[in-house]
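Undergrad: One file: protein05.txt (compact mmCIF, C-alpha atoms and all ligand atoms).
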```
# COMPACT_ATOMS: atom_id res chain seq x y z
CA MET A 657 0.00 0.00 0.00
CA ARG A 658 1.31 3.52 -0.72
CA THR A 659 0.02 7.00 0.16
CA LYS A 660 1.43 10.54 0.31
CA VAL A 661 0.81 11.24 4.02
CA VAL A 662 0.24 8.74 6.83
CA ILE A 663 -1.54 10.42 9.75
CA ILE A 664 -1.06 8.60 13.05
CA GLY A 665 -3.99 9.41 15.36
CA GLY A 666 -7.64 10.04 14.53
CA GLY A 667 -8.36 12.68 17.17
CA PRO A 668 -9.28 16.26 16.20
CA SER A 669 -5.86 17.16 14.73
CA GLY A 670 -5.49 13.97 12.68
CA LEU A 671 -9.04 14.12 11.37
CA LEU A 672 -8.82 17.81 10.47
CA LEU A 673 -5.49 17.38 8.67
CA SER A 674 -6.84 14.38 6.75
CA ARG A 675 -9.92 16.30 5.66
CA LEU A 676 -7.95 19.36 4.50
CA LEU A 677 -5.44 17.25 2.54
CA SER A 678 -8.26 15.29 0.88
CA LEU A 679 -9.86 18.57 -0.23
CA GLU A 680 -6.61 19.23 -2.13
CA ASN A 681 -6.56 15.64 -3.48
CA ILE A 682 -3.46 14.90 -1.41
CA ASP A 683 -3.77 11.18 -0.71
CA ASN A 684 -3.61 10.26 3.01
CA VAL A 685 -4.48 7.49 5.48
CA VAL A 686 -5.41 7.94 9.16
CA LEU A 687 -4.29 5.16 11.52
CA GLU A 688 -6.24 5.36 14.81
CA LYS A 689 -5.66 2.81 17.56
CA GLN A 690 -9.11 3.17 19.14
CA SER A 691 -12.57 2.55 17.73
CA ARG A 692 -14.53 5.49 16.32
CA GLU A 693 -17.02 5.20 19.23
CA HIS A 694 -14.17 5.45 21.75
CA VAL A 695 -12.70 8.54 20.10
CA GLN A 696 -16.08 10.23 19.83
CA GLY A 697 -16.94 9.36 23.43
CA ARG A 698 -14.09 11.34 24.95
CA ILE A 699 -15.25 14.40 26.96
CA ARG A 700 -12.51 16.97 26.38
CA ALA A 701 -12.35 20.58 25.26
CA GLY A 702 -15.27 22.97 25.12
CA VAL A 703 -14.09 26.38 23.92
CA LEU A 704 -13.13 27.06 20.28
CA GLU A 705 -11.04 30.06 19.27
CA ASN A 706 -11.85 32.21 16.26
CA GLY A 707 -9.07 30.57 14.20
CA THR A 708 -10.38 27.09 14.98
CA ILE A 709 -13.83 28.05 13.71
CA GLU A 710 -12.31 29.31 10.44
CA MET A 711 -10.32 26.08 9.99
CA LEU A 712 -13.44 23.96 10.58
CA ARG A 713 -15.28 26.14 8.06
CA LEU A 714 -12.48 25.53 5.54
CA ALA A 715 -12.88 21.79 6.21
CA GLY A 716 -16.62 22.04 5.46
CA VAL A 717 -17.78 21.08 8.96
CA SER A 718 -19.20 24.35 10.26
CA LYS A 719 -22.95 23.83 9.62
CA ARG A 720 -23.86 22.15 12.94
CA LEU A 721 -21.27 24.31 14.72
CA ASP A 722 -22.96 27.48 13.39
CA ASN A 723 -26.40 26.17 14.45
CA GLU A 724 -25.54 24.62 17.81
CA GLY A 725 -22.38 26.39 18.98
CA PHE A 726 -22.74 29.13 21.60
CA LYS A 727 -21.09 32.43 20.66
CA HIS A 728 -19.60 33.94 23.83
CA ASN A 729 -18.64 37.63 23.88
CA GLY A 730 -17.27 37.57 27.40
CA ILE A 731 -16.17 35.56 30.41
CA GLU A 732 -16.52 36.19 34.14
CA LEU A 733 -13.60 36.07 36.56
CA SER A 734 -14.15 35.95 40.31
CA PHE A 735 -12.12 36.25 43.50
CA LYS A 736 -13.04 36.94 47.11
CA ASN A 737 -16.51 35.60 46.11
CA HIS A 738 -17.32 38.47 43.73
CA GLY A 739 -17.16 38.41 39.95
CA PHE A 740 -16.38 40.83 37.13
CA ARG A 741 -16.74 40.46 33.36
CA ILE A 742 -14.09 40.59 30.64
CA ASP A 743 -15.80 41.90 27.50
CA LEU A 744 -13.93 39.88 24.85
CA LYS A 745 -15.94 41.32 21.96
CA LYS A 746 -15.43 44.96 22.96
CA LEU A 747 -11.71 44.47 23.64
CA THR A 748 -10.82 42.34 20.58
CA ASP A 749 -13.84 42.49 18.25
CA LYS A 750 -13.76 38.66 18.43
CA HIS A 751 -15.69 36.02 20.34
CA VAL A 752 -15.17 32.37 21.28
CA THR A 753 -17.59 29.55 20.56
CA VAL A 754 -18.60 26.86 23.03
CA TYR A 755 -18.94 23.61 21.07
CA GLY A 756 -17.59 20.36 22.53
CA GLN A 757 -14.55 18.59 21.07
CA THR A 758 -16.78 15.51 21.01
CA GLU A 759 -19.00 17.26 18.44
CA VAL A 760 -15.98 18.41 16.40
CA THR A 761 -14.70 14.84 16.09
CA LYS A 762 -18.20 13.56 15.25
CA ASP A 763 -18.55 16.16 12.47
CA LEU A 764 -15.10 15.36 11.05
CA TYR A 765 -15.60 11.59 11.13
CA GLU A 766 -18.95 12.02 9.38
CA ILE A 767 -17.70 14.11 6.48
CA ILE A 768 -14.54 12.02 5.98
CA GLU A 769 -16.66 8.87 5.85
CA LYS A 770 -19.17 10.51 3.50
CA GLU A 771 -16.41 11.63 1.13
CA ASN A 772 -14.68 8.24 1.21
CA GLY A 773 -11.71 9.33 3.25
CA ASN A 774 -9.43 6.63 4.63
CA ILE A 775 -9.53 6.16 8.41
CA ILE A 776 -8.37 2.81 9.77
CA ASN A 777 -9.67 2.41 13.35
CA CYS A 778 -8.41 -0.21 15.81
CA ALA A 779 -4.97 -0.06 14.13
CA GLU A 780 -2.54 -1.73 16.52
CA ASP A 781 1.25 -1.42 16.94
CA VAL A 782 1.49 1.52 14.56
CA LEU A 783 5.19 2.25 13.92
CA PRO A 784 6.77 4.83 11.57
CA GLN A 785 10.00 3.42 10.06
CA LYS A 786 12.91 4.73 7.94
CA VAL A 787 11.67 8.23 8.75
CA GLY A 788 13.45 10.70 6.50
CA GLU A 789 14.59 8.16 3.96
CA ILE A 790 13.17 7.91 0.45
CA ASN A 791 11.35 4.72 1.27
CA SER A 792 9.70 5.75 4.58
CA PHE A 793 6.90 3.51 5.69
CA VAL A 794 4.53 2.84 8.59
CA THR A 795 3.62 -0.64 9.80
CA PHE A 796 0.55 -1.57 11.80
CA LYS A 797 -1.63 -4.56 12.67
CA LYS A 798 -5.35 -4.80 11.92
CA ASN A 799 -7.30 -7.87 13.05
CA GLY A 800 -3.96 -9.51 13.75
CA ILE A 801 -2.70 -8.99 10.19
CA GLU A 802 0.55 -7.05 9.67
CA ASN A 803 0.29 -4.12 7.21
CA LYS A 804 2.82 -1.74 5.66
CA ILE A 805 2.12 1.66 4.08
CA MET A 806 4.87 3.37 2.04
CA CYS A 807 4.62 7.17 2.33
CA ASP A 808 6.32 10.54 1.70
CA PHE A 809 5.43 12.06 5.09
CA VAL A 810 4.18 11.01 8.54
CA ALA A 811 2.02 13.35 10.66
CA GLY A 812 2.22 12.39 14.33
CA CYS A 813 -1.24 13.41 15.55
CA ASP A 814 -1.28 10.71 18.22
CA GLY A 815 -1.40 12.77 21.39
CA TYR A 816 0.85 12.94 24.44
CA HIS A 817 1.01 9.16 24.91
CA GLY A 818 1.40 8.38 21.20
CA ILE A 819 4.26 6.62 19.39
CA SER A 820 5.37 9.46 17.08
CA ARG A 821 7.39 11.52 19.56
CA LYS A 822 8.94 8.35 20.96
CA VAL A 823 10.50 7.30 17.64
CA ILE A 824 12.55 10.52 17.47
CA PRO A 825 16.08 9.88 18.83
CA GLU A 826 16.17 11.45 22.31
CA ASN A 827 19.38 13.36 21.57
CA LEU A 828 17.58 15.25 18.79
CA ILE A 829 14.82 16.74 20.94
CA ASN A 830 14.54 19.04 23.94
CA VAL A 831 11.52 18.78 26.23
CA PHE A 832 10.28 21.50 28.56
CA GLU A 833 7.84 20.52 31.31
CA ARG A 834 6.02 21.85 34.35
CA ILE A 835 3.81 19.45 36.30
CA TYR A 836 1.23 21.25 38.46
CA PRO A 837 0.66 19.98 42.03
CA PHE A 838 -3.09 19.54 41.54
CA GLY A 839 -5.71 18.19 39.12
CA TRP A 840 -9.19 19.07 37.88
CA LEU A 841 -12.26 17.09 38.91
CA GLY A 842 -14.77 17.63 36.12
CA ILE A 843 -18.44 16.67 35.87
CA LEU A 844 -21.11 16.82 33.21
CA SER A 845 -24.70 17.29 34.42
CA GLU A 846 -27.94 17.55 32.47
CA THR A 847 -28.78 20.87 34.13
CA PRO A 848 -29.03 24.41 32.73
CA PRO A 849 -25.73 26.34 32.94
CA VAL A 850 -25.49 28.58 36.01
CA LYS A 851 -24.66 31.52 33.73
CA GLU A 852 -24.74 32.16 29.98
CA GLU A 853 -20.95 32.76 30.01
CA LEU A 854 -18.04 30.89 31.64
CA ILE A 855 -16.94 31.68 35.20
CA TYR A 856 -13.28 31.23 36.28
CA ALA A 857 -13.12 31.41 40.10
CA ASN A 858 -10.13 31.95 42.40
CA HIS A 859 -11.06 30.79 45.92
CA GLY A 860 -9.16 30.01 49.14
CA ASN A 861 -10.20 26.34 48.78
CA GLY A 862 -9.01 26.22 45.17
CA PHE A 863 -10.01 26.95 41.57
CA ALA A 864 -13.46 26.34 40.09
CA LEU A 865 -14.81 26.70 36.55
CA ALA A 866 -18.42 26.87 35.37
CA SER A 867 -18.85 25.97 31.69
CA MET A 868 -21.41 24.26 29.50
CA ARG A 869 -22.08 22.27 26.32
CA ASN A 870 -25.69 23.39 25.60
CA ASN A 871 -28.78 24.83 27.33
CA ASN A 872 -29.24 21.66 29.32
CA LEU A 873 -25.75 20.27 29.66
CA SER A 874 -23.38 21.93 32.14
CA ARG A 875 -19.67 21.28 32.58
CA TYR A 876 -18.14 22.12 35.97
CA TYR A 877 -14.62 21.69 37.34
CA ILE A 878 -13.01 22.09 40.75
CA GLN A 879 -9.31 21.93 41.56
CA THR A 880 -8.41 18.80 43.52
CA SER A 881 -5.20 17.51 45.10
CA LEU A 882 -3.01 15.14 43.09
CA ASP A 883 -3.84 12.18 45.35
CA ASP A 884 -7.60 12.80 45.18
CA ARG A 885 -9.81 10.05 43.73
CA VAL A 886 -13.15 10.36 41.88
CA GLU A 887 -14.64 7.79 44.29
CA ALA A 888 -14.14 10.26 47.16
CA TRP A 889 -16.44 12.80 45.44
CA ASP A 890 -20.10 11.89 45.39
CA ASP A 891 -22.37 14.42 43.71
CA LYS A 892 -23.48 15.99 47.01
CA ARG A 893 -19.89 16.71 48.07
CA PHE A 894 -19.02 18.04 44.60
CA TRP A 895 -21.97 20.49 44.45
CA GLU A 896 -21.35 21.76 48.00
CA GLU A 897 -17.67 22.48 47.24
CA LEU A 898 -18.45 24.05 43.86
CA LYS A 899 -20.98 26.40 45.50
CA ARG A 900 -18.35 27.45 48.06
CA ARG A 901 -15.92 28.44 45.32
CA LEU A 902 -18.23 30.16 42.81
CA PRO A 903 -19.15 33.84 43.29
CA ILE A 904 -22.10 34.29 45.65
CA GLU A 905 -24.65 35.14 42.95
CA ALA A 906 -23.85 31.94 41.03
CA SER A 907 -23.70 29.68 44.06
CA GLU A 908 -27.15 30.89 45.13
CA SER A 909 -28.75 30.35 41.71
CA ILE A 910 -27.04 27.16 40.46
CA ILE A 911 -29.32 24.24 39.55
CA THR A 912 -27.70 20.96 40.54
CA GLY A 913 -28.48 17.42 39.41
CA PRO A 914 -26.94 13.96 38.96
CA SER A 915 -23.56 13.84 37.22
CA ILE A 916 -23.49 11.84 33.96
CA GLU A 917 -19.69 11.94 33.72
CA LYS A 918 -17.09 12.51 36.41
CA SER A 919 -13.29 12.35 35.99
CA ILE A 920 -10.04 13.79 37.29
CA ALA A 921 -7.42 15.11 34.84
CA PRO A 922 -3.83 16.00 35.79
CA LEU A 923 -2.40 19.37 34.73
CA ARG A 924 0.92 19.87 33.01
CA SER A 925 2.71 22.21 30.60
CA PHE A 926 4.87 20.33 28.10
CA VAL A 927 6.67 21.24 24.88
CA CYS A 928 8.85 19.11 22.60
CA GLU A 929 11.31 21.00 20.39
CA PRO A 930 11.66 20.78 17.47
CA MET A 931 8.25 19.53 16.29
CA ASN A 932 9.66 17.51 13.41
CA TRP A 933 12.34 14.96 12.55
CA ASN A 934 13.04 14.70 8.82
CA ASN A 935 9.65 13.90 7.24
CA LEU A 936 7.89 13.14 10.57
CA PHE A 937 5.90 16.12 11.86
CA LEU A 938 4.45 16.25 15.39
CA VAL A 939 1.04 17.91 15.71
CA GLY A 940 -1.09 18.89 18.73
CA ASP A 941 -0.78 17.00 22.01
CA ALA A 942 1.96 14.81 20.49
CA ALA A 943 4.18 17.90 20.71
CA HIS A 944 2.72 20.02 23.52
CA ILE A 945 0.33 19.97 26.45
CA VAL A 946 -1.24 22.92 28.25
CA PRO A 947 -3.26 23.02 31.49
CA PRO A 948 -6.90 23.49 30.32
CA THR A 949 -7.18 26.76 32.33
CA GLY A 950 -6.65 28.81 29.17
CA ALA A 951 -8.81 26.57 26.93
CA LYS A 952 -5.88 26.24 24.49
CA GLY A 953 -5.19 22.50 24.02
CA LEU A 954 -7.53 21.74 21.16
CA ASN A 955 -7.03 25.19 19.64
CA LEU A 956 -3.25 24.77 19.51
CA ALA A 957 -3.69 21.40 17.79
CA VAL A 958 -5.70 23.22 15.12
CA SER A 959 -3.10 25.94 14.57
CA ASP A 960 -0.43 23.24 14.17
CA VAL A 961 -2.66 21.67 11.49
CA TYR A 962 -2.90 25.09 9.80
CA TYR A 963 0.89 25.33 9.50
CA LEU A 964 1.46 21.71 8.47
CA PHE A 965 -1.38 21.71 5.93
CA LYS A 966 0.05 24.89 4.34
CA GLY A 967 3.48 23.27 4.13
CA LEU A 968 2.24 20.00 2.62
CA LYS A 969 -0.03 21.83 0.17
CA LYS A 970 2.89 23.97 -1.07
CA HIS A 971 5.07 20.86 -1.35
CA TYR A 972 2.62 18.94 -3.51
CA LEU A 973 1.03 21.76 -5.49
CA PHE A 974 4.05 24.03 -6.05
CA ASN A 975 7.06 21.84 -5.26
CA ASP A 976 8.02 24.44 -2.63
CA ASP A 977 9.32 23.17 0.76
CA LYS A 978 9.92 26.53 2.46
CA ASP A 979 6.80 26.26 4.64
CA LEU A 980 7.53 22.65 5.60
CA LYS A 981 11.03 23.69 6.66
CA ASN A 982 9.44 26.53 8.70
CA TYR A 983 6.74 24.35 10.28
CA SER A 984 8.37 23.76 13.65
CA THR A 985 9.58 27.35 14.09
CA LYS A 986 6.23 28.90 13.21
CA ALA A 987 4.12 26.41 15.18
CA LEU A 988 6.35 26.69 18.27
CA SER A 989 6.18 30.49 18.20
CA ARG A 990 2.40 30.31 18.67
CA VAL A 991 2.61 27.29 21.01
CA TRP A 992 4.88 29.07 23.49
CA LYS A 993 2.59 32.11 23.65
CA ALA A 994 -0.30 29.80 24.54
CA ILE A 995 1.89 27.89 27.02
CA ARG A 996 2.67 31.21 28.72
CA PHE A 997 -0.98 32.28 28.81
CA SER A 998 -2.17 28.89 30.16
CA TRP A 999 0.60 28.94 32.80
CA TRP A 1000 -0.37 32.50 33.80
CA MET A 1001 -4.10 31.63 34.08
CA THR A 1002 -3.21 28.52 36.11
CA THR A 1003 -0.88 30.32 38.54
CA THR A 1004 -3.36 33.19 38.96
CA PHE A 1005 -6.41 31.06 39.72
CA HIS A 1006 -5.19 27.96 41.55
CA LYS A 1007 -4.17 27.45 45.17
CA PHE A 1008 -0.69 25.89 45.34
CA PRO A 1009 0.09 23.53 48.25
CA GLU A 1010 3.10 25.57 49.40
CA GLN A 1011 1.32 28.87 48.75
CA THR A 1012 2.10 31.60 51.31
CA SER A 1013 -0.01 34.60 52.34
CA PHE A 1014 2.33 36.67 50.13
CA ASP A 1015 1.38 34.46 47.13
CA GLN A 1016 -2.33 34.92 47.89
CA ARG A 1017 -1.87 38.72 47.99
CA ILE A 1018 -0.10 38.57 44.62
CA GLN A 1019 -3.03 36.62 43.14
CA ASP A 1020 -5.52 39.09 44.65
CA SER A 1021 -3.59 42.09 43.30
CA GLU A 1022 -3.33 40.45 39.84
CA LEU A 1023 -7.11 40.04 39.81
CA GLU A 1024 -7.76 43.54 41.21
CA TYR A 1025 -5.51 44.95 38.47
CA LEU A 1026 -7.52 42.95 35.89
CA GLU A 1027 -10.79 44.20 37.35
CA ASN A 1028 -9.72 47.85 37.06
CA SER A 1029 -7.43 48.01 34.02
CA ILE A 1030 -8.59 47.91 30.39
CA ALA A 1031 -4.98 47.37 29.32
CA SER A 1032 -4.70 44.30 31.53
CA GLN A 1033 -8.08 42.99 30.36
CA THR A 1034 -7.05 43.46 26.72
CA VAL A 1035 -3.97 41.29 27.23
CA LEU A 1036 -6.12 38.51 28.68
CA ALA A 1037 -8.82 38.93 26.03
CA GLU A 1038 -6.53 38.75 22.98
CA ASN A 1039 -4.92 35.59 24.31
CA TYR A 1040 -8.24 34.00 25.25
CA VAL A 1041 -9.91 34.54 21.83
CA GLY A 1042 -6.70 33.26 20.22
CA LEU A 1043 -3.66 35.07 18.82
CA PRO A 1044 -3.52 35.31 15.02
CA TYR A 1045 -1.92 32.51 12.98
CA GLU A 1046 1.33 34.16 11.91
CA GLU A 1047 1.82 33.89 8.19
CA LEU A 1048 4.71 31.62 7.28
P1 LIG B 1101 -5.73 13.61 20.93
O1 LIG B 1101 -5.06 13.03 22.15
O2 LIG B 1101 -7.09 14.18 21.04
O3 LIG B 1101 -5.83 12.48 19.80
C1 LIG B 1101 -4.77 11.58 19.61
C2 LIG B 1101 -5.35 10.32 18.98
O4 LIG B 1101 -4.28 9.43 18.68
C3 LIG B 1101 -6.29 9.58 19.93
O5 LIG B 1101 -7.51 9.31 19.28
C4 LIG B 1101 -5.52 8.30 20.28
O6 LIG B 1101 -6.38 7.19 20.45
C5 LIG B 1101 -4.64 8.13 19.06
N1 LIG B 1101 -3.40 7.39 19.33
C6 LIG B 1101 -2.59 7.49 20.41
N2 LIG B 1101 -1.53 6.67 20.29
C7 LIG B 1101 -1.68 6.03 19.08
C8 LIG B 1101 -0.91 5.07 18.38
N3 LIG B 1101 0.23 4.59 18.90
N4 LIG B 1101 -1.36 4.63 17.17
C9 LIG B 1101 -2.51 5.14 16.64
N5 LIG B 1101 -3.28 6.05 17.26
C10 LIG B 1101 -2.86 6.49 18.47
N6 LIG B 1101 -8.29 21.15 25.82
C11 LIG B 1101 -9.00 22.30 25.89
O7 LIG B 1101 -8.78 23.21 25.08
N7 LIG B 1101 -9.98 22.46 26.87
C12 LIG B 1101 -10.27 21.45 27.76
O8 LIG B 1101 -11.15 21.60 28.60
C13 LIG B 1101 -9.55 20.23 27.70
N8 LIG B 1101 -9.84 19.20 28.56
C14 LIG B 1101 -9.10 18.04 28.48
C15 LIG B 1101 -9.35 16.95 29.35
C16 LIG B 1101 -8.58 15.78 29.27
C17 LIG B 1101 -8.85 14.63 30.22
C18 LIG B 1101 -7.54 15.68 28.33
C19 LIG B 1101 -6.66 14.44 28.27
C20 LIG B 1101 -7.29 16.74 27.47
C21 LIG B 1101 -8.07 17.92 27.53
N9 LIG B 1101 -7.86 18.99 26.65
C22 LIG B 1101 -8.57 20.14 26.70
C23 LIG B 1101 -6.85 18.91 25.66
C24 LIG B 1101 -7.40 18.13 24.48
O9 LIG B 1101 -8.58 18.70 24.04
C25 LIG B 1101 -6.31 18.07 23.44
O10 LIG B 1101 -5.66 19.31 23.29
C26 LIG B 1101 -6.81 17.63 22.08
O11 LIG B 1101 -7.47 16.41 22.24
C27 LIG B 1101 -5.59 17.53 21.17
O12 LIG B 1101 -5.98 16.87 20.03
P2 LIG B 1101 -4.94 15.86 19.31
O13 LIG B 1101 -3.62 16.52 19.21
O14 LIG B 1101 -5.63 15.39 18.09
O15 LIG B 1101 -4.70 14.66 20.35
C1 LIG B 1102 -14.83 23.13 29.12
O1 LIG B 1102 -15.96 23.57 28.87
O2 LIG B 1102 -14.57 21.90 29.17
C2 LIG B 1102 -13.71 24.10 29.39
C3 LIG B 1102 -13.91 25.45 29.14
C4 LIG B 1102 -12.87 26.35 29.38
C5 LIG B 1102 -11.66 25.88 29.88
C6 LIG B 1102 -11.47 24.52 30.14
C7 LIG B 1102 -12.50 23.63 29.90
O3 LIG B 1102 -10.65 26.76 30.13
```
Would you mind writing the structure in this file as structure tokens?

TA:
Amino acid sequence: MRTKVVIIGGGPSGLLLSRLLSLENIDNVVLEKQSREHVQGRIRAGVLENGTIEMLRLAGVSKRLDNEGFKHNGIELSFKNHGFRIDLKKLTDKHVTVYGQTEVTKDLYEIIEKENGNIINCAEDVLPQKVGEINSFVTFKKNGIENKIMCDFVAGCDGYHGISRKVIPENLINVFERIYPFGWLGILSETPPVKEELIYANHGNGFALASMRNNNLSRYYIQTSLDDRVEAWDDKRFWEELKRRLPIEASESIITGPSIEKSIAPLRSFVCEPMNWNNLFLVGDAAHIVPPTGAKGLNLAVSDVYYLFKGLKKHYLFNDDKDLKNYSTKALSRVWKAIRFSWWMTTTFHKFPEQTSFDQRIQDSELEYLENSIASQTVLAENYVGLPYEEL
């Protein structure tokens, strides 16, 4: 079997890249280790930047997003139990859209299947080989049968735990990492959102976030300690703690109900440099991880796809490799700005175990400055809606 681009990983970045390449008749195959149901069942990101919306529109999957996505022109921040609003629209003339990553992957799977794209689910032992040589290939097993695909390029869209980053010789990459001393306990509940916009809350007990998926599906998070377990949090305990941490108006009006999903996710910042090795290109979580505090993870995966798609398109349509050679530099420039923003949001809103009273005063003054300074709010707003995709 031979194709132009093998895409390892059928999450949002792999699916989007496959779709965009197919629109340019650039032959590609997606190798995904899980079933389609498993991929689509993951509860992950919820907030889409402006640039992500445009990329999904380019891919021809914006119809449901336009009808069902929630346009948000602002967010609320709270500390000392009172909240204030950041007017994203007024400060940046942009908005964000709340539309679950689950829906994005469903839409992409559907259109790729409809247009006879090539996604191989339940592909086991995927392994890129002879990367960078003329006869690169990727092997994998399907139903116990060994397969081999010859290819020009490999896109490693296989997430933080994928194989792509691991095949790069360790002496050729630098990794940068910060592991945060807490996690997020998240729940989904079939209840109306407490507010029409998101609330990010700094509280003495820890961070809390009120989000949503639709008018009757709310998404809430509270910061938990690293050794906390989901089993220790029944719904009653979760709602009581969430109400403590949200601003008073929200905690008095929130409608609670049974959780339909409950999980704890660890928080880390991680970057692998460079994001390519010869003709293997790392995309999305395979190359970088952000704490979800800045709602950047999925959005960064999309901007990586933007840069790689441009490079591959120029290679095949114009025999020009300048953009491919620039991929890692350009993608990392945007990645690090989002890493900084996500780190700043995380350090401003979370309670750290070794936090002193001085640290708490710094957080309070940061938030008071935000509450009273348009300049400070503009910095937050332009990062939250998403910095522009720098032209290559
Ligand atoms: P993904 O991890 O989504 O996809 C990688 C795919 O590769 C998976 O389908 C996997 O099965 C497959 N794969 C892995 N190894 C393979 C192999 N060896 N062979 C073949 N396939 C392989 N981001 C936000 O912006 N906001 C959030 O609230 C948020 N919450 C999150 C909660 C959790 C628990 C996690 C883990 C992440 C969260 N994220 C959030 C980040 C998340 O949305 C990612 O940024 C996004 O999924 C990145 O997409 P991909 O790069 O495509 O990686
Ligand atoms: C979500 O809705 O899951 C969500 C929203 C904003 C974030 C993180 C998660 O910063």

Undergrad: Go through the chains and note each residue within 7 Å of ligand LIG 1101 (chain B), using only C-alpha atoms and all ligand atoms, then give the set as a PyMOL selection string.

TA: chain A and resi 664-670+687-690+695+699-703+757+779-782+813-819+921+939-942+945+948+951-955+957

Undergrad: How many Å lie between CA of Leu744 in chain A and CA of Ala857 in chain A, rounded to one decimal?

TA: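 Between CA of Leu744 in chain A and CA of Ala857 in chain A the gap is 17.5 Å.
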
Undergrad: Given all atoms listed in the file as the basis, pick out the residue of A:Leu865, A:Val1041, A:Ile1030, A:Ile995 nearest to ligand LIG 1102 (chain B).

TA: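 Selected residue with least distance to ligand LIG 1102 (chain B): A:Leu865.
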
Undergrad: Which residues of chain A sit at most 10 Å from ligand LIG 1102 (chain B), using all atoms listed in the file? Give each one's shortest atom pair and distance in Å (one decimal place), in chain and ascending residue order, as a Markdown table.

TA:
```
| residue | atom | partner | partner_atom | distance |
| --- | --- | --- | --- | --- |
| A:Ile699 | CA | B:LIG1102 | O2 | 7.8 |
| A:Arg700 | CA | B:LIG1102 | O2 | 6.0 |
| A:Ala701 | CA | B:LIG1102 | O2 | 4.7 |
| A:Gly702 | CA | B:LIG1102 | O1 | 3.9 |
| A:Val703 | CA | B:LIG1102 | C3 | 5.3 |
| A:Leu704 | CA | B:LIG1102 | C3 | 9.0 |
| A:Ile731 | CA | B:LIG1102 | C4 | 9.8 |
| A:Val754 | CA | B:LIG1102 | O1 | 7.2 |
| A:Tyr755 | CA | B:LIG1102 | O1 | 8.3 |
| A:Gly756 | CA | B:LIG1102 | O1 | 7.3 |
| A:Gln757 | CA | B:LIG1102 | O2 | 8.8 |
| A:Trp840 | CA | B:LIG1102 | C6 | 9.7 |
| A:Gly842 | CA | B:LIG1102 | O2 | 8.2 |
| A:Ile843 | CA | B:LIG1102 | O2 | 9.3 |
| A:Leu844 | CA | B:LIG1102 | O2 | 9.2 |
| A:Leu854 | CA | B:LIG1102 | C4 | 7.2 |
| A:Ile855 | CA | B:LIG1102 | C4 | 8.9 |
| A:Tyr856 | CA | B:LIG1102 | O3 | 8.0 |
| A:Leu865 | CA | B:LIG1102 | C5 | 7.4 |
| A:Ala866 | CA | B:LIG1102 | O1 | 7.7 |
| A:Ser867 | CA | B:LIG1102 | O1 | 4.7 |
| A:Met868 | CA | B:LIG1102 | O1 | 5.5 |
| A:Arg869 | CA | B:LIG1102 | O1 | 6.8 |
| A:Ser874 | CA | B:LIG1102 | O1 | 8.3 |
| A:Arg875 | CA | B:LIG1102 | O1 | 5.7 |
| A:Tyr876 | CA | B:LIG1102 | O1 | 7.6 |
| A:Tyr877 | CA | B:LIG1102 | C7 | 8.0 |
| A:Pro947 | CA | B:LIG1102 | O3 | 8.4 |
| A:Pro948 | CA | B:LIG1102 | C6 | 4.7 |
| A:Thr949 | CA | B:LIG1102 | O3 | 4.1 |
| A:Gly950 | CA | B:LIG1102 | O3 | 4.6 |
| A:Ala951 | CA | B:LIG1102 | O3 | 3.7 |
| A:Lys952 | CA | B:LIG1102 | O3 | 7.4 |
| A:Gly953 | CA | B:LIG1102 | C6 | 9.0 |
| A:Ser998 | CA | B:LIG1102 | O3 | 8.7 |
| A:Met1001 | CA | B:LIG1102 | O3 | 9.1 |
| A:Thr1002 | CA | B:LIG1102 | O3 | 9.7 |
| A:Tyr1040 | CA | B:LIG1102 | O3 | 9.1 |
```

Undergrad: What residues have an atom no more than 12 Å from (-14.6, 9.2, -2.9) in the file's own frame, counting only C-alpha atoms, and can you write them as a CSV table (one decimal) with C-alpha atoms, in the frame of the given file?

TA:
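Heads up, here's the output in point_18.csv:
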```
chain,number,residue,atom,x,y,z
A,678,SER,CA,-8.3,15.3,0.9
A,679,LEU,CA,-9.9,18.6,-0.2
A,681,ASN,CA,-6.6,15.6,-3.5
A,683,ASP,CA,-3.8,11.2,-0.7
A,767,ILE,CA,-17.7,14.1,6.5
A,768,ILE,CA,-14.5,12.0,6.0
A,769,GLU,CA,-16.7,8.9,5.8
A,770,LYS,CA,-19.2,10.5,3.5
A,771,GLU,CA,-16.4,11.6,1.1
A,772,ASN,CA,-14.7,8.2,1.2
A,773,GLY,CA,-11.7,9.3,3.2
A,774,ASN,CA,-9.4,6.6,4.6
```

Undergrad: Find the distance between CA of Val958 in chain A and CA of Thr708 in chain A and write it in Å to one decimal.

TA: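 Those two atoms sit 6.1 Å apart.
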
Undergrad: For Asn791 in chain A, which residue out of A:Thr659, A:Ser907, A:Asn870, A:Thr880 is the nearest one, using all atoms listed in the file?

TA: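 Nearest to Asn791 in chain A: A:Thr659.
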
Undergrad: Give me the residues near range 898-905 of chain A as JSON, numbers by chain, where near means some atom within 12 Å (using only C-alpha atoms) and where sequence neighbours in that chain fewer than 3 positions away do not count.

TA: {"A": [732, 733, 734, 735, 736, 737, 738, 739, 740, 841, 842, 843, 850, 851, 854, 855, 856, 857, 858, 859, 860, 861, 862, 863, 864, 865, 866, 867, 875, 876, 877, 878, 879, 880, 889, 891, 892, 893, 894, 895, 908, 909, 910, 911, 912, 1005, 1006, 1007]}

Undergrad: Distance CA of Leu764 in chain A-CA of Glu693 in chain A, one decimal place?

TA: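 Atom-to-atom, CA of Leu764 in chain A to CA of Glu693 in chain A, that is 13.2 Å.
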